[in-house]
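K.L.:
Quick one: this structure, given as structure tokens, is what I'll be asking you about.
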Number of protein chains: 2
Amino acid sequence: MGGDGAPDVVIDATRQVLSDRHDLEIVLVGPEDRLLPALAGGAGGKLPDRLTIHHAEHVLAADVSAAAAIRRGRGSSLWQAIDLAEQGRVDAVVSGGSTGALMALSRQKIGMLPGIERPALMAALPSRQQQLVWMLDLGANINVDAPRLLEFAQLGAVAVKVIENRAPRIGLLNIGSEPGKGPDVIREAARLIEAQETLDYAGFVEADQVFAGAVDLVVCDGFSGNILLKGAEGAIRLLFERMREEFQGTLGGMVARRGMKRLHDRLDPARHNGAPMLGVRKTVIKSHGSACSRGFARAISLAALEVERDLINRLDEQLWASY
Amino acid sequence: MGGDGAPDVVIDATRQVLSDRHDLEIVLVGPEDRLLPALAGGAGGKLPDRLTIHHAEHVLAADVSAAAAIRRGRGSSLWQAIDLAEQGRVDAVVSGGSTGALMALSRQKIGMLPGIERPALMAALPSRQQQLVWMLDLGANINVDAPRLLEFAQLGAVAVKVIENRAPRIGLLNIGSEPGKGPDVIREAARLIEAQETLDYAGFVEADQVFAGAVDLVVCDGFSGNILLKGAEGAIRLLFERMREEFQGTLGGMVARRGMKRLHDRLDPARHNGAPMLGVRKTVIKSHGSACSRGFARAISLAALEVERDLINRLDEQLWASY
């Protein structure tokens, strides 16, 4: 029930994934009186195969805080979905709702992997290389110390390996690439990450180098990660707007607009929607609130991939091994 | 002598400014044996009117650290230029060299305005509005407390008023716009800035909203500011690269490329090159190391504007008034 176009976007995505993949079952969690009409086009027809509905009394607001979700979330669709995961009745949860609520309820109800205190949110960015660049934390982990940044590197490295089938080169986001640069906590984190033999540490990476694809995995605190991601979104939006003005009403503009459309699609966040919430004992994927059905389908597929490749157990092993 | 194309870029910029403005005198500081041939096309001809050369024995490297500049900077072109300002023989210094060296030498040799401990670097960004958005700090002020963020707001507000002739709406960079969001230091800074009657405080601003032109002046610590600025640069570079690929070899592409060129020029950093270093007792302007001559000329003109409008005294008054 979360995200701008819910439940229709989620239902469309569900249909796409179920028709593409015959080995998946999907449970939609939400008020029956909203899901059933949307599913059957109002006629109360038969549900698609491998799709079931799990009723929830109410729905949390998109901007609900973590604290409010814990206080008043009982019985909501998000609460119930997480309950199903906690009870082992589903393998993964995908949500387009409030990040804070998803983090808080996952942490409280499902619990964390050994030694991890709070979930970290990892997302993919486009880069000048073919591969995506992954970055974490993009959740609300604001005040982090060096061991926490090491933890992000460990969680992210295992997750990228599972998702992309390659060991990522890891960079630490900083304001200079020379070893002496930046705040103490980042320099200390560099020492910790470098000392881990299982991690392929490539050094500091500056914000512009992230989009150049200098590394495969960027580690940062949640504040810097948010600034980088949203700043880039804002700059690209500005550029597309100026392009539209530039090309408006010209003959070449008509041709250019088609190219711009393709370009927009290539850089479309839907192509890499789905942010793994790492450190939780179950697979939890955050979908962007403004994701279209193709984007939401991508988030569901990512959840399936994490489960098939046993990400949670592999994270668990990695964490035990590093103690 | 600083910046990628020095001294030729600086000399071209100097010629442009001197021919546009007959009320300015410019002193070029650097080794005579490099400046004279570059100025006279190797022939040792007559210098342009209102241009003099001040000899310096050596030149600091582009990547020299602040500490090294102070230890080994004596006699260098940057050291001498700052000396001239300190002695009142010039009204302003413009440099395309190392930011760290410029900050450290300005602070040590010229000194700071009352109550200011370290300079703050302010720069302009394009936005979806017509006006530029100014942001500080972009220097190396990494670990800042709330009173320091208030100080940035005070310095920035006076400077934007002087440069743009309007009182800026001020935003604090944060990861959410609701009052309870973000780190303690930012929430505390919001209380301090809001309490100042002379400042027009508009609340928290998220990174994407900076480019939407939601406010005129963005206050942040130097780490976040660097991440935002460089991240946006990297994202825009990625987009232009993808555009070139998209339009390559097509008929429409030829037309589109002309539009892209105009667009690139409109977003060109040269249009707003020149970052005031605020808090120093003299006008000091940092030019981007990769600035072209038009960009460097813009930085010189900005220095002239600050001096004409008496920025330093106005900052001084503002700072005394707030004690």
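Going through the structure tokens in order, the chains are called A, B, and so on, while each chain numbers its residues from 1 and the ligands are numbered from 1 in the order shown.
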What are the residues of chain A lining chain B at 9 Å or less? Count only C-alpha atoms, and put the answer as a PyMOL selection string.

P.N.:
chain A and resi 126-128+140+142-143+173-175+182-183+206-212+222-239+241-243+246-247+251-257+259-260+262-263+266-267

K.L.:
For those residues, write C-alpha atoms to a file as a short mmCIF file (atom, residue, chain, number, x, y, z; two decimals), in the first residue's frame.

P.N.:
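As written to disk, result.cif reads:
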```
data_model
loop_
_atom_site.label_atom_id
_atom_site.label_comp_id
_atom_site.auth_asym_id
_atom_site.auth_seq_id
_atom_site.Cartn_x
_atom_site.Cartn_y
_atom_site.Cartn_z
CA PRO A 126 24.17 4.93 -12.93
CA SER A 127 27.80 5.58 -13.86
CA ARG A 128 29.93 6.22 -16.92
CA ALA A 140 19.04 7.46 8.38
CA ILE A 142 23.64 9.94 10.47
CA ASN A 143 26.17 9.83 13.27
CA LEU A 173 33.28 8.82 0.11
CA ASN A 174 35.52 11.75 1.04
CA ILE A 175 36.38 15.31 0.00
CA GLY A 182 38.83 14.43 5.43
CA PRO A 183 37.40 13.90 8.90
CA GLU A 206 35.34 12.05 -4.31
CA ALA A 207 31.69 12.70 -5.10
CA ASP A 208 32.22 13.37 -8.81
CA GLN A 209 34.20 10.15 -9.17
CA VAL A 210 31.21 8.14 -7.94
CA PHE A 211 29.42 8.80 -11.25
CA ALA A 212 32.59 8.09 -13.19
CA GLY A 222 23.56 8.29 5.68
CA PHE A 223 23.76 12.08 5.70
CA SER A 224 26.44 12.35 2.99
CA GLY A 225 24.77 9.60 0.97
CA ASN A 226 21.47 11.45 0.99
CA ILE A 227 23.14 14.73 -0.01
CA LEU A 228 25.01 13.06 -2.88
CA LEU A 229 21.99 11.18 -4.22
CA LYS A 230 19.49 14.01 -3.96
CA GLY A 231 21.97 16.64 -5.16
CA ALA A 232 22.63 14.58 -8.29
CA GLU A 233 18.88 14.11 -8.84
CA GLY A 234 18.33 17.85 -8.54
CA ALA A 235 21.18 18.71 -10.92
CA ILE A 236 19.95 16.23 -13.54
CA ARG A 237 16.40 17.55 -13.25
CA LEU A 238 17.74 21.08 -13.79
CA LEU A 239 19.63 19.92 -16.86
CA GLU A 241 14.51 21.22 -17.82
CA ARG A 242 17.05 23.49 -19.49
CA MET A 243 17.27 21.01 -22.38
CA GLU A 246 16.64 24.82 -25.40
CA PHE A 247 14.98 22.48 -27.86
CA LEU A 251 12.86 21.42 -35.91
CA GLY A 252 16.05 19.92 -34.57
CA GLY A 253 14.36 19.98 -31.21
CA MET A 254 11.83 17.39 -32.32
CA VAL A 255 14.60 14.99 -33.24
CA ALA A 256 16.54 15.90 -30.14
CA ARG A 257 13.54 15.30 -27.93
CA GLY A 259 16.99 11.27 -28.17
CA MET A 260 16.34 12.94 -24.84
CA ARG A 262 15.74 7.54 -24.83
CA LEU A 263 18.39 9.13 -22.65
CA ARG A 266 18.53 4.94 -19.94
CA LEU A 267 19.11 6.96 -16.80
#
```

K.L.:
Just the residues within 9 Å of Ala146 of chain A, please, counting only C-alpha atoms, with nothing from its chain fewer than 3 positions along; format it as a list in words.

P.N.:
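My reading of the contact set: Leu149, Leu150, Glu151, Asp184, Val185, Ile186, Arg187, Glu188, Ala189, Ala190 and Leu192 of chain A.
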
K.L.:
Those residues you just picked out, can you put them in a file as a PDB file, in the first residue's frame with all heavy atoms?

P.N.:
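Now in out-v6.pdb:
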```pdb
ATOM      1  N   LEU A 149      31.179   2.255   9.708  1.00  0.00           N
ATOM      2  CA  LEU A 149      31.495   2.371   8.278  1.00  0.00           C
ATOM      3  C   LEU A 149      32.117   1.066   7.762  1.00  0.00           C
ATOM      4  O   LEU A 149      31.833   0.639   6.640  1.00  0.00           O
ATOM      5  CB  LEU A 149      32.419   3.569   8.013  1.00  0.00           C
ATOM      6  CG  LEU A 149      31.771   4.954   8.185  1.00  0.00           C
ATOM      7  CD1 LEU A 149      32.822   6.064   8.165  1.00  0.00           C
ATOM      8  CD2 LEU A 149      30.746   5.215   7.069  1.00  0.00           C
ATOM      9  N   LEU A 150      32.931   0.430   8.599  1.00  0.00           N
ATOM     10  CA  LEU A 150      33.468  -0.892   8.234  1.00  0.00           C
ATOM     11  C   LEU A 150      32.337  -1.892   8.044  1.00  0.00           C
ATOM     12  O   LEU A 150      32.321  -2.678   7.095  1.00  0.00           O
ATOM     13  CB  LEU A 150      34.433  -1.395   9.321  1.00  0.00           C
ATOM     14  CG  LEU A 150      34.855  -2.868   9.215  1.00  0.00           C
ATOM     15  CD1 LEU A 150      35.608  -3.136   7.914  1.00  0.00           C
ATOM     16  CD2 LEU A 150      35.724  -3.285  10.412  1.00  0.00           C
ATOM     17  N   GLU A 151      31.359  -1.828   8.935  1.00  0.00           N
ATOM     18  CA  GLU A 151      30.191  -2.712   8.865  1.00  0.00           C
ATOM     19  C   GLU A 151      29.447  -2.497   7.536  1.00  0.00           C
ATOM     20  O   GLU A 151      29.042  -3.449   6.877  1.00  0.00           O
ATOM     21  CB  GLU A 151      29.289  -2.346  10.040  1.00  0.00           C
ATOM     22  CG  GLU A 151      28.314  -3.364  10.488  1.00  0.00           C
ATOM     23  CD  GLU A 151      27.593  -2.813  11.737  1.00  0.00           C
ATOM     24  OE1 GLU A 151      28.150  -3.004  12.839  1.00  0.00           O
ATOM     25  OE2 GLU A 151      26.528  -2.199  11.596  1.00  0.00           O
ATOM     26  N   ASP A 184      38.397  12.732  10.784  1.00  0.00           N
ATOM     27  CA  ASP A 184      39.068  11.633  11.477  1.00  0.00           C
ATOM     28  C   ASP A 184      38.331  10.311  11.288  1.00  0.00           C
ATOM     29  O   ASP A 184      38.945   9.273  11.056  1.00  0.00           O
ATOM     30  CB  ASP A 184      39.123  11.916  12.992  1.00  0.00           C
ATOM     31  CG  ASP A 184      40.024  13.092  13.305  1.00  0.00           C
ATOM     32  OD1 ASP A 184      40.798  13.485  12.413  1.00  0.00           O
ATOM     33  OD2 ASP A 184      39.936  13.615  14.429  1.00  0.00           O
ATOM     34  N   VAL A 185      36.995  10.350  11.389  1.00  0.00           N
ATOM     35  CA  VAL A 185      36.231   9.110  11.377  1.00  0.00           C
ATOM     36  C   VAL A 185      36.413   8.383  10.041  1.00  0.00           C
ATOM     37  O   VAL A 185      36.486   7.144   9.993  1.00  0.00           O
ATOM     38  CB  VAL A 185      34.727   9.379  11.679  1.00  0.00           C
ATOM     39  CG1 VAL A 185      34.098  10.340  10.686  1.00  0.00           C
ATOM     40  CG2 VAL A 185      33.939   8.091  11.725  1.00  0.00           C
ATOM     41  N   ILE A 186      36.548   9.127   8.962  1.00  0.00           N
ATOM     42  CA  ILE A 186      36.708   8.499   7.645  1.00  0.00           C
ATOM     43  C   ILE A 186      38.122   7.946   7.483  1.00  0.00           C
ATOM     44  O   ILE A 186      38.320   6.861   6.937  1.00  0.00           O
ATOM     45  CB  ILE A 186      36.354   9.501   6.523  1.00  0.00           C
ATOM     46  CG1 ILE A 186      34.858   9.832   6.606  1.00  0.00           C
ATOM     47  CG2 ILE A 186      36.699   8.942   5.150  1.00  0.00           C
ATOM     48  CD1 ILE A 186      34.367  10.778   5.555  1.00  0.00           C
ATOM     49  N   ARG A 187      39.104   8.674   8.013  1.00  0.00           N
ATOM     50  CA  ARG A 187      40.482   8.165   7.922  1.00  0.00           C
ATOM     51  C   ARG A 187      40.655   6.906   8.767  1.00  0.00           C
ATOM     52  O   ARG A 187      41.333   5.959   8.372  1.00  0.00           O
ATOM     53  CB  ARG A 187      41.476   9.258   8.308  1.00  0.00           C
ATOM     54  CG  ARG A 187      41.612  10.275   7.151  1.00  0.00           C
ATOM     55  CD  ARG A 187      42.603  11.365   7.459  1.00  0.00           C
ATOM     56  NE  ARG A 187      42.016  12.348   8.355  1.00  0.00           N
ATOM     57  CZ  ARG A 187      42.632  12.901   9.383  1.00  0.00           C
ATOM     58  NH1 ARG A 187      43.880  12.546   9.664  1.00  0.00           N
ATOM     59  NH2 ARG A 187      42.029  13.790  10.118  1.00  0.00           N
ATOM     60  N   GLU A 188      39.995   6.890   9.922  1.00  0.00           N
ATOM     61  CA  GLU A 188      40.033   5.701  10.780  1.00  0.00           C
ATOM     62  C   GLU A 188      39.316   4.534  10.090  1.00  0.00           C
ATOM     63  O   GLU A 188      39.786   3.389  10.107  1.00  0.00           O
ATOM     64  CB  GLU A 188      39.372   6.035  12.125  1.00  0.00           C
ATOM     65  CG  GLU A 188      39.145   4.872  13.075  1.00  0.00           C
ATOM     66  CD  GLU A 188      40.432   4.224  13.549  1.00  0.00           C
ATOM     67  OE1 GLU A 188      41.501   4.835  13.392  1.00  0.00           O
ATOM     68  OE2 GLU A 188      40.352   3.081  14.064  1.00  0.00           O
ATOM     69  N   ALA A 189      38.171   4.818   9.453  1.00  0.00           N
ATOM     70  CA  ALA A 189      37.437   3.768   8.737  1.00  0.00           C
ATOM     71  C   ALA A 189      38.296   3.194   7.617  1.00  0.00           C
ATOM     72  O   ALA A 189      38.268   1.977   7.362  1.00  0.00           O
ATOM     73  CB  ALA A 189      36.129   4.325   8.172  1.00  0.00           C
ATOM     74  N   ALA A 190      39.074   4.037   6.954  1.00  0.00           N
ATOM     75  CA  ALA A 190      39.955   3.569   5.875  1.00  0.00           C
ATOM     76  C   ALA A 190      40.938   2.521   6.415  1.00  0.00           C
ATOM     77  O   ALA A 190      41.165   1.486   5.789  1.00  0.00           O
ATOM     78  CB  ALA A 190      40.704   4.743   5.258  1.00  0.00           C
ATOM     79  N   LEU A 192      40.518   0.602   9.032  1.00  0.00           N
ATOM     80  CA  LEU A 192      39.791  -0.626   9.388  1.00  0.00           C
ATOM     81  C   LEU A 192      39.441  -1.446   8.146  1.00  0.00           C
ATOM     82  O   LEU A 192      39.570  -2.667   8.133  1.00  0.00           O
ATOM     83  CB  LEU A 192      38.509  -0.274  10.157  1.00  0.00           C
ATOM     84  CG  LEU A 192      38.676   0.398  11.523  1.00  0.00           C
ATOM     85  CD1 LEU A 192      37.301   0.685  12.136  1.00  0.00           C
ATOM     86  CD2 LEU A 192      39.509  -0.476  12.460  1.00  0.00           C
TER      87      LEU A 192
END
```

K.L.:
Excluding Gly2 of chain B and residues on its chain fewer than 4 positions from it, collect all residues at most 10 Å away from it, counting only C-alpha atoms, and give them as JSON, numbers by chain.

P.N.:
{"B": [6, 7, 9, 10, 30, 59, 60, 61, 62, 77, 78, 94, 95, 96, 97, 98, 287, 288, 289, 290]}

K.L.:
Counting only C-alpha atoms, what is within 9 Å of Val158 of chain B, bar same-chain residues fewer than 2 positions away, as a list in words?

P.N.:
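Once the adjacent positions are removed, what remains is Ala153, Gln154, Leu155, Gly156, Val160, Lys161, Val162, Ile163, Ala167, Pro168, Leu311, Arg314, Leu315 and Gln318 of chain B.
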
K.L.:
Quote the spacing between atom CA of Ser322 of chain A and atom CA of Ile110 of chain A in Å to one decimal place.

P.N.:
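Calculated distance between atom CA of Ser322 of chain A and atom CA of Ile110 of chain A is 22.6 Å.
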
K.L.:
Can you tell me which residues surround Phe296 of chain B at a distance of at most 7 Å, considering only C-alpha atoms, apart from same-chain residues fewer than 4 positions away, and format the answer as a list in words?

P.N.:
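Result of the neighbour search: Val10, Ala13, Asn273, Ser287, Ala291, Cys292 and Ile300 of chain B.
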
K.L.:
Mind listing the alpha helix (DSSP H) residues of segment 143-271 of chain A, per DSSP on the backbone, as a PyMOL selection string?

P.N.:
chain A and resi 146-164+184-194+207-211+222-247+251-266

K.L.:
Output C-alpha atoms of each residue in that selection to a file, as a PDB file, in the first residue's frame.

P.N.:
```
ATOM      1  CA  ALA A 146      34.530   4.107  11.980  1.00  0.00           C
ATOM      2  CA  PRO A 147      33.489   0.539  12.986  1.00  0.00           C
ATOM      3  CA  ARG A 148      30.018   1.298  11.622  1.00  0.00           C
ATOM      4  CA  LEU A 149      31.495   2.371   8.278  1.00  0.00           C
ATOM      5  CA  LEU A 150      33.468  -0.892   8.234  1.00  0.00           C
ATOM      6  CA  GLU A 151      30.191  -2.712   8.865  1.00  0.00           C
ATOM      7  CA  PHE A 152      28.614  -0.920   5.866  1.00  0.00           C
ATOM      8  CA  ALA A 153      31.562  -2.059   3.737  1.00  0.00           C
ATOM      9  CA  GLN A 154      31.166  -5.663   4.901  1.00  0.00           C
ATOM     10  CA  LEU A 155      27.407  -5.776   4.375  1.00  0.00           C
ATOM     11  CA  GLY A 156      27.647  -4.005   1.020  1.00  0.00           C
ATOM     12  CA  ALA A 157      30.477  -6.172  -0.275  1.00  0.00           C
ATOM     13  CA  VAL A 158      28.558  -9.401   0.366  1.00  0.00           C
ATOM     14  CA  ALA A 159      25.347  -7.958  -1.088  1.00  0.00           C
ATOM     15  CA  VAL A 160      26.971  -6.652  -4.282  1.00  0.00           C
ATOM     16  CA  LYS A 161      28.745  -9.981  -4.721  1.00  0.00           C
ATOM     17  CA  VAL A 162      25.414 -11.779  -4.428  1.00  0.00           C
ATOM     18  CA  ILE A 163      23.528  -9.379  -6.709  1.00  0.00           C
ATOM     19  CA  GLU A 164      26.186  -8.783  -9.362  1.00  0.00           C
ATOM     20  CA  ASP A 184      39.068  11.633  11.477  1.00  0.00           C
ATOM     21  CA  VAL A 185      36.231   9.110  11.377  1.00  0.00           C
ATOM     22  CA  ILE A 186      36.708   8.499   7.645  1.00  0.00           C
ATOM     23  CA  ARG A 187      40.482   8.165   7.922  1.00  0.00           C
ATOM     24  CA  GLU A 188      40.033   5.701  10.780  1.00  0.00           C
ATOM     25  CA  ALA A 189      37.437   3.768   8.737  1.00  0.00           C
ATOM     26  CA  ALA A 190      39.955   3.569   5.875  1.00  0.00           C
ATOM     27  CA  ARG A 191      42.424   1.858   8.202  1.00  0.00           C
ATOM     28  CA  LEU A 192      39.791  -0.626   9.388  1.00  0.00           C
ATOM     29  CA  ILE A 193      38.533  -1.490   5.895  1.00  0.00           C
ATOM     30  CA  GLU A 194      42.038  -1.775   4.471  1.00  0.00           C
ATOM     31  CA  ALA A 207      31.694  12.699  -5.098  1.00  0.00           C
ATOM     32  CA  ASP A 208      32.218  13.374  -8.815  1.00  0.00           C
ATOM     33  CA  GLN A 209      34.198  10.146  -9.173  1.00  0.00           C
ATOM     34  CA  VAL A 210      31.211   8.137  -7.944  1.00  0.00           C
ATOM     35  CA  PHE A 211      29.423   8.801 -11.249  1.00  0.00           C
ATOM     36  CA  GLY A 222      23.556   8.286   5.675  1.00  0.00           C
ATOM     37  CA  PHE A 223      23.757  12.075   5.702  1.00  0.00           C
ATOM     38  CA  SER A 224      26.437  12.351   2.995  1.00  0.00           C
ATOM     39  CA  GLY A 225      24.771   9.601   0.971  1.00  0.00           C
ATOM     40  CA  ASN A 226      21.465  11.446   0.988  1.00  0.00           C
ATOM     41  CA  ILE A 227      23.136  14.733  -0.008  1.00  0.00           C
ATOM     42  CA  LEU A 228      25.006  13.059  -2.875  1.00  0.00           C
ATOM     43  CA  LEU A 229      21.995  11.176  -4.223  1.00  0.00           C
ATOM     44  CA  LYS A 230      19.493  14.014  -3.961  1.00  0.00           C
ATOM     45  CA  GLY A 231      21.967  16.639  -5.159  1.00  0.00           C
ATOM     46  CA  ALA A 232      22.626  14.582  -8.295  1.00  0.00           C
ATOM     47  CA  GLU A 233      18.877  14.107  -8.839  1.00  0.00           C
ATOM     48  CA  GLY A 234      18.334  17.851  -8.538  1.00  0.00           C
ATOM     49  CA  ALA A 235      21.183  18.711 -10.915  1.00  0.00           C
ATOM     50  CA  ILE A 236      19.949  16.231 -13.538  1.00  0.00           C
ATOM     51  CA  ARG A 237      16.398  17.548 -13.246  1.00  0.00           C
ATOM     52  CA  LEU A 238      17.736  21.077 -13.790  1.00  0.00           C
ATOM     53  CA  LEU A 239      19.630  19.918 -16.857  1.00  0.00           C
ATOM     54  CA  PHE A 240      16.634  18.148 -18.425  1.00  0.00           C
ATOM     55  CA  GLU A 241      14.510  21.218 -17.821  1.00  0.00           C
ATOM     56  CA  ARG A 242      17.053  23.487 -19.492  1.00  0.00           C
ATOM     57  CA  MET A 243      17.266  21.006 -22.384  1.00  0.00           C
ATOM     58  CA  ARG A 244      13.527  21.155 -22.912  1.00  0.00           C
ATOM     59  CA  GLU A 245      13.699  24.951 -23.012  1.00  0.00           C
ATOM     60  CA  GLU A 246      16.645  24.822 -25.399  1.00  0.00           C
ATOM     61  CA  PHE A 247      14.976  22.479 -27.864  1.00  0.00           C
ATOM     62  CA  LEU A 251      12.859  21.419 -35.907  1.00  0.00           C
ATOM     63  CA  GLY A 252      16.054  19.919 -34.570  1.00  0.00           C
ATOM     64  CA  GLY A 253      14.361  19.977 -31.208  1.00  0.00           C
ATOM     65  CA  MET A 254      11.827  17.387 -32.321  1.00  0.00           C
ATOM     66  CA  VAL A 255      14.604  14.992 -33.235  1.00  0.00           C
ATOM     67  CA  ALA A 256      16.541  15.903 -30.140  1.00  0.00           C
ATOM     68  CA  ARG A 257      13.537  15.301 -27.928  1.00  0.00           C
ATOM     69  CA  ARG A 258      13.352  11.706 -29.114  1.00  0.00           C
ATOM     70  CA  GLY A 259      16.993  11.272 -28.173  1.00  0.00           C
ATOM     71  CA  MET A 260      16.336  12.938 -24.838  1.00  0.00           C
ATOM     72  CA  LYS A 261      13.478  10.542 -24.192  1.00  0.00           C
ATOM     73  CA  ARG A 262      15.738   7.541 -24.832  1.00  0.00           C
ATOM     74  CA  LEU A 263      18.392   9.133 -22.649  1.00  0.00           C
ATOM     75  CA  HIS A 264      15.895   9.727 -19.874  1.00  0.00           C
ATOM     76  CA  ASP A 265      14.893   6.059 -20.091  1.00  0.00           C
ATOM     77  CA  ARG A 266      18.527   4.940 -19.940  1.00  0.00           C
TER      78      ARG A 266
END
```

K.L.:
Could you name the residues that touch Glu117 of chain A at 10 Å or less, counting only C-alpha atoms, but leaving out those on the same chain fewer than 6 positions away, as a ChimeraX atom specification?

P.N.:
/A:107,111,148,279-280

K.L.:
Return as a ChimeraX atom specification the full set of residues in segment 156-225 of chain B whose backbone-based DSSP assignment is strand (DSSP E).

P.N.:
/B:169-173,200-205,217-219

K.L.:
Between atom CA of Ala123 of chain B and atom CA of Ser301 of chain B, what is the spacing in Å?

P.N.:
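Atom-to-atom, atom CA of Ser301 of chain B and atom CA of Ala123 of chain B are spaced 14.6 Å apart.
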
K.L.:
Select, from B:Glu57, B:Asp137, B:Asp316, B:Asp4, the residue with the minimum atom-to-atom distance to Arg34 of chain B, counting only C-alpha atoms.

P.N.:
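When distances to Arg34 of chain B are compared using only C-alpha atoms, the smallest one comes from B:Glu57.
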
K.L.:
When distances are computed from only C-alpha atoms, which of B:Met277, B:Ile170, B:Ala304, B:Ile11 shows the smallest separation from Val29 of chain B?

P.N.:
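Under the stated criterion, the closest residue is B:Ile11.
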
K.L.:
Report as a list in words all protein, DNA and RNA residues lying within 9 Å of Ala202 of chain B, evaluated on only C-alpha atoms, omitting residues in the same chain fewer than 5 positions from it.

P.N.:
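Near neighbours after the sequence-gap exclusion: Arg169, Ile170, Gly171, Leu172, Glu194, Ala214 and Val215 of chain B.
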
K.L.:
Could you tell me how far atom CA of Asp12 of chain B lies from atom CA of Ser293 of chain B, in Å and to one decimal?

P.N.:
5.7 Å

K.L.:
Which one of B:Gln131, B:Asn313, B:Ser106, B:Thr14 sits closest to Leu84 of chain B if you count only C-alpha atoms?

P.N.:
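The answer is B:Ser106, which sits nearest to Leu84 of chain B.
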